[in-house]
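Undergrad: I am sharing structure_16.cif, which consists of mmCIF, C-alpha atoms:
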```cif
data_data
loop_
_atom_site.group_PDB
_atom_site.id
_atom_site.type_symbol
_atom_site.label_atom_id
_atom_site.label_comp_id
_atom_site.auth_asym_id
_atom_site.auth_seq_id
_atom_site.Cartn_x
_atom_site.Cartn_y
_atom_site.Cartn_z
ATOM 1 C CA MET P 1 -11.695 48.478 -48.179
ATOM 2 C CA GLY P 2 -9.935 46.157 -50.598
ATOM 3 C CA MET P 3 -6.851 45.929 -48.423
ATOM 4 C CA LEU P 4 -8.872 45.358 -45.323
ATOM 5 C CA GLY P 5 -10.815 42.582 -47.030
ATOM 6 C CA GLU P 6 -7.593 40.920 -48.164
ATOM 7 C CA ARG P 7 -6.200 41.085 -44.642
ATOM 8 C CA VAL P 8 -9.387 39.612 -43.159
ATOM 9 C CA ASP P 9 -9.271 36.789 -45.716
ATOM 10 C CA ASP P 10 -5.586 36.226 -44.897
ATOM 11 C CA ILE P 11 -6.291 36.094 -41.151
ATOM 12 C CA ASP P 12 -9.291 33.840 -41.761
ATOM 13 C CA GLY P 13 -7.095 31.465 -43.788
ATOM 14 C CA ARG P 14 -4.489 31.428 -41.058
ATOM 15 C CA CYS P 15 -7.153 30.682 -38.451
ATOM 16 C CA ASP P 16 -8.420 27.788 -40.587
ATOM 17 C CA GLY P 17 -4.838 26.514 -40.851
ATOM 18 C CA LEU P 18 -4.370 26.778 -37.078
ATOM 19 C CA GLU P 19 -7.628 24.939 -36.445
ATOM 20 C CA THR P 20 -6.513 22.196 -38.815
ATOM 21 C CA LYS P 21 -3.136 21.950 -37.051
ATOM 22 C CA ASP P 22 -4.921 21.937 -33.668
ATOM 23 C CA THR P 23 -7.136 19.055 -34.806
ATOM 24 C CA GLU P 24 -4.106 17.133 -36.126
ATOM 25 C CA ILE P 25 -2.203 17.671 -32.855
ATOM 26 C CA HIS P 26 -5.237 16.674 -30.789
ATOM 27 C CA SER P 27 -5.717 13.532 -32.888
ATOM 28 C CA GLY P 28 -2.013 12.652 -32.636
ATOM 29 C CA ILE P 29 -2.036 13.060 -28.854
ATOM 30 C CA LYS P 30 -5.196 10.967 -28.590
ATOM 31 C CA ASP P 31 -3.650 8.182 -30.716
ATOM 32 C CA ALA P 32 -0.411 8.262 -28.705
ATOM 33 C CA LEU P 33 -2.325 8.067 -25.411
ATOM 34 C CA GLY P 34 -4.405 5.180 -26.772
ATOM 35 C CA GLU P 35 -1.246 3.267 -27.685
ATOM 36 C CA LEU P 36 0.288 3.982 -24.264
ATOM 37 C CA GLU P 37 -2.882 2.805 -22.560
ATOM 38 C CA ALA P 38 -2.847 -0.454 -24.532
ATOM 39 C CA ASP P 39 0.843 -0.995 -23.718
ATOM 40 C CA LEU P 40 0.235 -0.324 -20.036
ATOM 41 C CA ARG P 41 -2.711 -2.712 -19.952
ATOM 42 C CA ARG P 42 -0.563 -5.460 -21.500
ATOM 43 C CA GLU P 43 2.198 -4.809 -18.962
ATOM 44 C CA ILE P 44 -0.264 -4.845 -16.066
ATOM 45 C CA GLU P 45 -1.773 -8.130 -17.297
ATOM 46 C CA SER P 46 1.729 -9.577 -17.571
ATOM 47 C CA LEU P 47 2.535 -8.471 -14.019
ATOM 48 C CA TYR P 48 -0.713 -9.982 -12.716
ATOM 49 C CA SER P 49 0.189 -13.227 -14.438
ATOM 50 C CA GLU P 50 3.661 -13.254 -12.883
ATOM 51 C CA ILE P 51 2.209 -12.459 -9.452
ATOM 52 C CA ALA P 52 -0.258 -15.349 -9.823
ATOM 53 C CA LYS P 53 2.581 -17.729 -10.739
ATOM 54 C CA ILE P 54 4.640 -16.602 -7.752
ATOM 55 C CA ARG P 55 1.601 -16.911 -5.478
ATOM 56 C CA ASP P 56 1.001 -20.479 -6.700
ATOM 57 C CA LEU P 57 4.663 -21.383 -6.211
ATOM 58 C CA PHE P 58 4.651 -19.858 -2.736
ATOM 59 C CA GLN P 59 1.458 -21.748 -1.848
ATOM 60 C CA ARG P 60 2.975 -25.060 -2.985
ATOM 61 C CA GLU P 61 6.149 -24.411 -1.014
ATOM 62 C CA LEU P 62 4.160 -23.403 2.060
ATOM 63 C CA THR P 63 2.082 -26.568 1.771
ATOM 64 C CA ASN P 64 5.283 -28.645 1.551
ATOM 65 C CA VAL P 65 6.714 -26.912 4.609
ATOM 66 C CA LEU P 66 3.504 -27.462 6.567
ATOM 67 C CA LEU P 67 3.507 -31.153 5.613
ATOM 68 C CA ARG P 68 7.110 -31.474 6.775
ATOM 69 C CA VAL P 69 6.312 -29.715 10.048
ATOM 70 C CA ASP P 70 3.370 -32.071 10.552
ATOM 71 C CA GLU P 71 5.606 -35.078 9.916
ATOM 72 C CA MET P 72 8.169 -33.717 12.348
ATOM 73 C CA GLY P 73 5.404 -33.316 14.926
ATOM 74 C CA GLY P 74 4.615 -37.019 14.535
ATOM 75 C CA ASP P 75 8.284 -37.890 14.886
ATOM 76 C CA LEU P 76 8.534 -35.688 17.970
ATOM 77 C CA THR P 77 5.571 -37.464 19.514
ATOM 78 C CA LEU P 78 7.238 -40.819 18.853
ATOM 79 C CA CYS P 79 10.489 -39.581 20.378
ATOM 80 C CA LYS P 80 8.685 -38.277 23.463
ATOM 81 C CA ARG P 81 6.962 -41.635 23.894
ATOM 82 C CA ALA P 82 10.263 -43.430 23.529
ATOM 83 C CA VAL P 83 11.904 -41.230 26.143
ATOM 84 C CA ALA P 84 8.918 -41.601 28.473
ATOM 85 C CA THR P 85 8.985 -45.415 28.204
ATOM 86 C CA GLY P 86 12.758 -45.586 28.388
ATOM 87 C CA VAL P 87 13.156 -47.126 24.939
ATOM 88 C CA THR P 88 16.413 -46.302 23.216
ATOM 89 C CA THR P 89 17.471 -47.274 19.752
ATOM 90 C CA THR P 90 20.507 -46.634 17.675
ATOM 91 C CA THR P 91 19.967 -46.561 13.960
ATOM 92 C CA THR P 92 22.563 -45.992 11.284
ATOM 93 C CA ILE P 93 21.297 -44.716 7.983
ATOM 94 C CA GLU P 94 23.467 -44.352 4.938
ATOM 95 C CA ALA P 95 22.295 -41.543 2.711
ATOM 96 C CA ARG P 96 23.420 -41.480 -0.860
ATOM 97 C CA LYS P 97 24.821 -38.253 -2.229
ATOM 98 C CA VAL P 98 22.185 -36.395 -4.182
ATOM 99 C CA GLU P 99 23.252 -34.744 -7.379
ATOM 100 C CA GLU P 100 20.113 -32.756 -7.986
ATOM 101 C CA GLN P 101 18.687 -30.322 -5.444
ATOM 102 C CA ASN P 102 15.118 -31.284 -6.363
ATOM 103 C CA GLU P 103 15.571 -34.844 -5.101
ATOM 104 C CA ARG P 104 16.493 -33.809 -1.551
ATOM 105 C CA PRO P 105 12.969 -33.527 -0.117
ATOM 106 C CA SER P 106 12.124 -37.060 -1.276
ATOM 107 C CA ILE P 107 15.388 -38.366 0.234
ATOM 108 C CA VAL P 108 14.567 -36.667 3.553
ATOM 109 C CA LEU P 109 11.103 -38.217 3.523
ATOM 110 C CA GLU P 110 12.628 -41.611 2.711
ATOM 111 C CA ILE P 111 15.064 -41.311 5.631
ATOM 112 C CA LEU P 112 12.268 -40.253 7.989
ATOM 113 C CA GLY P 113 10.244 -43.259 6.840
ATOM 114 C CA LYS P 114 13.173 -45.585 7.571
ATOM 115 C CA LEU P 115 13.574 -44.020 11.006
ATOM 116 C CA ARG P 116 9.883 -44.532 11.758
ATOM 117 C CA THR P 117 10.003 -48.148 10.590
ATOM 118 C CA SER P 118 13.150 -48.796 12.576
ATOM 119 C CA TYR P 119 11.651 -47.202 15.668
ATOM 120 C CA ARG P 120 8.399 -49.147 15.345
ATOM 121 C CA ASN P 121 10.265 -52.423 14.859
ATOM 122 C CA SER P 122 12.511 -51.791 17.846
ATOM 123 C CA SER P 123 9.635 -50.656 20.086
ATOM 124 C CA ASN P 124 7.607 -53.748 19.168
ATOM 125 C CA THR P 125 10.492 -56.066 20.041
ATOM 126 C CA SER P 126 11.325 -54.215 23.276
ATOM 127 C CA ARG P 127 7.750 -54.570 24.545
ATOM 128 C CA GLN P 128 7.695 -58.331 24.118
ATOM 129 C CA PRO P 129 8.308 -60.327 27.303
ATOM 130 C CA VAL P 130 11.766 -61.739 27.638
#
```
Please express what this file holds, its structure, as structure tokens.
TA:
Amino acid sequence: MGMLGERVDDIDGRCDGLETKDTEIHSGIKDALGELEADLRREIESLYSEIAKIRDLFQRELTNVLLRVDEMGGDLTLCKRAVATGVTTTTTIEARKVEEQNERPSIVLEILGKLRTSYRNSSNTSRQPV
């Protein structure tokens, strides 16, 4: 029985070694998955942040477009009134060349304001008795 006992002890030692290796592998996998989860959470948070920034930018641009459409609606109403009353005006506007793209919307608004003022001034003078 001495040989059998030695073999049982040998197999028992190997089993203990395999259990230890199994625990080490399990722990390593768990740590790796934990790190991946943390990395993914950071990436997802970053994506949410970028999406929020793009949503805010889109909302601002949409608001600007809606304001411009509203202004154009007012201009259209004025033009329709002018056509209906037979008022005609000729206005020359000199626009300066804009170097920066960001200044263009303010230039357009400035030109529209000049057109409105010019139209109002000309319609007030054309309504006065001659």
Undergrad: Would you mind telling me which residue in P:Ile51, P:Ser27, P:Asp10, P:Gly113 lies nearest to Gly74 (chain P) when using all atoms listed in the file?
TA: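 Answer, going by the shortest atom-to-atom distance: P:Gly113.
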Undergrad: I'd like the interatomic distance between CA of Glu6 (chain P) and CA of Glu19 (chain P), to a tenth of an Å.
TA: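 A separation of 19.8 Å between them.
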Undergrad: What gap, in Å, lies between CA of Leu67 (chain P) and CA of Leu112 (chain P)?
TA: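 These two atoms are separated by 12.9 Å.
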Undergrad: One decimal, Å: what's the distance from CA of Cys79 (chain P) over to CA of Leu109 (chain P), could you say?
TA: 16.9 Å
Undergrad: Measuring between only C-alpha atoms, which one of P:Arg116, P:Arg55, P:Arg41, P:Arg60 shows the shortest distance to Thr77 (chain P)?
TA: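 Smallest distance to Thr77 (chain P) is found for P:Arg116.
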